[in-house]
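Peer 1: Okay, handing you the structure first.
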Amino acid sequence: MKPTIKHVFFDLDRTLWDFNANSREELANLWKTYNLHQKGISLPNEFVKIYEKVNEECWAKYRKQEITKEELRGKRFEDTLAYFGIKEEGLAEKIGASYIKNSPQRTILVDGTIDLLTYLKKKYHLHIITNGFNEVQHLKLNNCQLTPFFEKIITSDEIGIMKPNPEVFEYALEKARANRAESIYIGDSLQIDIMGATNVGMHAIFFNPNQKEHSLSILGDVVTLKEIKNII
């Protein structure tokens, strides 16, 4: 029997906002803007590949509170440039500032986002819980015209705690005045989103376009967003 759902909480990056597509477009733009091909990075794809690896490592440290928000923003580009032997003073900071300014302006959404939100908005209270930076995530939502779909938008930056910490989900439930047994979370990360939500008693749907194997007992596992309509 389907549970009674009244509140639907979404992750943002890689679930609704196509983080990889938007980020890669902007990184290629930065490669060209800052003439990185003349500094030793011959192709934009090389720059993107190394940056993504470094960025993931930096975010892992940020989630563990080993580095600050400000350190993350600069270090990921500093380490990427260093990989290619580029040590030009101030360059990493300039690229980092441009990335933060420009990437939220990009508006590529995961296929089916608007259709799904339009459908769900008629039936449920919709909310966002995201680990992204407060100002950046709000810009993404505004620029993609997603803000009106959501009643509450909770960022980890706003409350100083990151998913999968249960306090993030507890805070969001309280702010939305939602009963956990009547709430569901939809996200693309098993550990950060799905386990984080289920650990506090919420239902969960794993947005799983890469079809990662797992043994979690959850309400749904979908490859496309449109499949969610058949679950809730």
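Numbering starts fresh at 1 for the residues of each chain in the structure tokens, the chains themselves are lettered A, B, ... in the order given, and ligands are numbered from 1 as they appear.
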List the neighbours of A:Thr80 out to 8 Å using only C-alpha atoms; skip same-chain residues closer than 2 positions along the sequence, and give me the result as a ChimeraX atom specification.

Peer 2: /A:47,50-51,54,76-78,82-84

Peer 1: May I have a table of the residues of stretch 131-176 of chain A lying at most 9 Å from stretch 188-203 of chain A, giving each one's closest pair of atoms and their distance in Å to one decimal, counting only C-alpha atoms, ordered by chain and ascending residue number, as a tab-separated table?

Peer 2:
residue	atom	partner	partner_atom	distance
A:Met162	CA	A:Ile192	CA	8.9
A:Lys163	CA	A:Ile192	CA	5.6
A:Pro164	CA	A:Gly196	CA	4.3
A:Asn165	CA	A:Gly196	CA	6.6
A:Pro166	CA	A:Gly196	CA	6.2
A:Glu167	CA	A:Val200	CA	8.9
A:Val168	CA	A:Gly196	CA	8.8
A:Phe169	CA	A:Ala197	CA	6.6
A:Glu170	CA	A:Val200	CA	7.3

Peer 1: Using only C-alpha atoms, what does the table of stretch 107-165 of chain A residues within 9 Å of stretch 16-30 of chain A look like, with each row giving the shortest atom pair and its distance in Å to one decimal, sorted by chain and ascending number, as JSON lines?

Peer 2:
{"residue": "A:Thr107", "atom": "CA", "partner": "A:Asn22", "partner_atom": "CA", "distance": 7.1}
{"residue": "A:Ile108", "atom": "CA", "partner": "A:Asp18", "partner_atom": "CA", "distance": 5.7}
{"residue": "A:Leu109", "atom": "CA", "partner": "A:Trp17", "partner_atom": "CA", "distance": 4.6}
{"residue": "A:Val110", "atom": "CA", "partner": "A:Asp18", "partner_atom": "CA", "distance": 5.0}
{"residue": "A:Asp111", "atom": "CA", "partner": "A:Leu16", "partner_atom": "CA", "distance": 8.2}
{"residue": "A:Gly112", "atom": "CA", "partner": "A:Leu16", "partner_atom": "CA", "distance": 8.6}
{"residue": "A:Thr113", "atom": "CA", "partner": "A:Leu16", "partner_atom": "CA", "distance": 5.8}
{"residue": "A:Ile114", "atom": "CA", "partner": "A:Leu16", "partner_atom": "CA", "distance": 8.8}
{"residue": "A:Lys140", "atom": "CA", "partner": "A:Trp17", "partner_atom": "CA", "distance": 7.7}
{"residue": "A:Leu141", "atom": "CA", "partner": "A:Trp17", "partner_atom": "CA", "distance": 8.3}
{"residue": "A:Cys144", "atom": "CA", "partner": "A:Trp17", "partner_atom": "CA", "distance": 8.4}

Peer 1: Looking only at the backbone, which of the residues in stretch 15-185 of chain A does DSSP tag as helix (DSSP H, G or I), as a VMD selection string?

Peer 2: chain A and resid 19 to 33 36 to 38 44 to 63 69 to 83 91 to 105 113 to 121 134 to 143 147 to 149 156 to 159 166 to 176 180 to 182

Peer 1: Would you kindly return, as number ranges by chain, each protein, DNA or RNA residue with an atom no farther than 9 Å from any atom of stretch 59-71 of chain A, considering only C-alpha atoms and excluding same-chain residues fewer than 2 positions away?

Peer 2: A: 54-57, 73-76, 131, 133, 157, 161-163

Peer 1: Taking N, CA and C atoms for each residue, export the selection above as a tab-separated table (two decimals), in the first residue's frame.

Peer 2:
chain	number	residue	atom	x	y	z
A	54	VAL	N	39.35	17.04	-8.85
A	54	VAL	CA	39.81	17.89	-7.74
A	54	VAL	C	38.62	18.46	-6.96
A	55	ASN	N	37.60	18.89	-7.68
A	55	ASN	CA	36.43	19.48	-7.04
A	55	ASN	C	35.74	18.49	-6.12
A	56	GLU	N	35.63	17.24	-6.57
A	56	GLU	CA	34.99	16.21	-5.75
A	56	GLU	C	35.79	15.98	-4.47
A	57	GLU	N	37.11	15.99	-4.59
A	57	GLU	CA	37.96	15.82	-3.41
A	57	GLU	C	37.80	16.99	-2.45
A	73	ARG	N	36.40	27.27	-2.66
A	73	ARG	CA	36.21	28.02	-3.90
A	73	ARG	C	37.54	28.30	-4.61
A	74	GLY	N	38.58	28.59	-3.84
A	74	GLY	CA	39.87	28.89	-4.46
A	74	GLY	C	40.72	27.66	-4.69
A	75	LYS	N	40.71	26.74	-3.73
A	75	LYS	CA	41.61	25.59	-3.76
A	75	LYS	C	41.33	24.66	-4.95
A	76	ARG	N	40.06	24.50	-5.31
A	76	ARG	CA	39.76	23.57	-6.40
A	76	ARG	C	40.37	24.01	-7.71
A	131	ASN	N	22.87	20.91	-0.57
A	131	ASN	CA	24.15	21.16	0.09
A	131	ASN	C	24.90	22.34	-0.52
A	133	PHE	N	25.91	26.26	-1.96
A	133	PHE	CA	26.03	27.58	-1.34
A	133	PHE	C	24.72	28.35	-1.48
A	157	ASP	N	24.34	25.69	3.58
A	157	ASP	CA	25.10	26.91	3.84
A	157	ASP	C	24.33	27.82	4.80
A	161	ILE	N	25.09	23.14	8.41
A	161	ILE	CA	25.18	21.68	8.51
A	161	ILE	C	24.90	21.11	7.12
A	162	MET	N	25.56	20.00	6.77
A	162	MET	CA	25.40	19.43	5.44
A	162	MET	C	24.74	18.06	5.49
A	163	LYS	N	23.96	17.75	4.46
A	163	LYS	CA	23.51	16.37	4.27
A	163	LYS	C	24.74	15.48	4.18

Peer 1: Nearest to A:Ala204: which of A:Ile86, A:Val8, A:Ile154, A:Met1 is it, counting only C-alpha atoms?

Peer 2: A:Val8
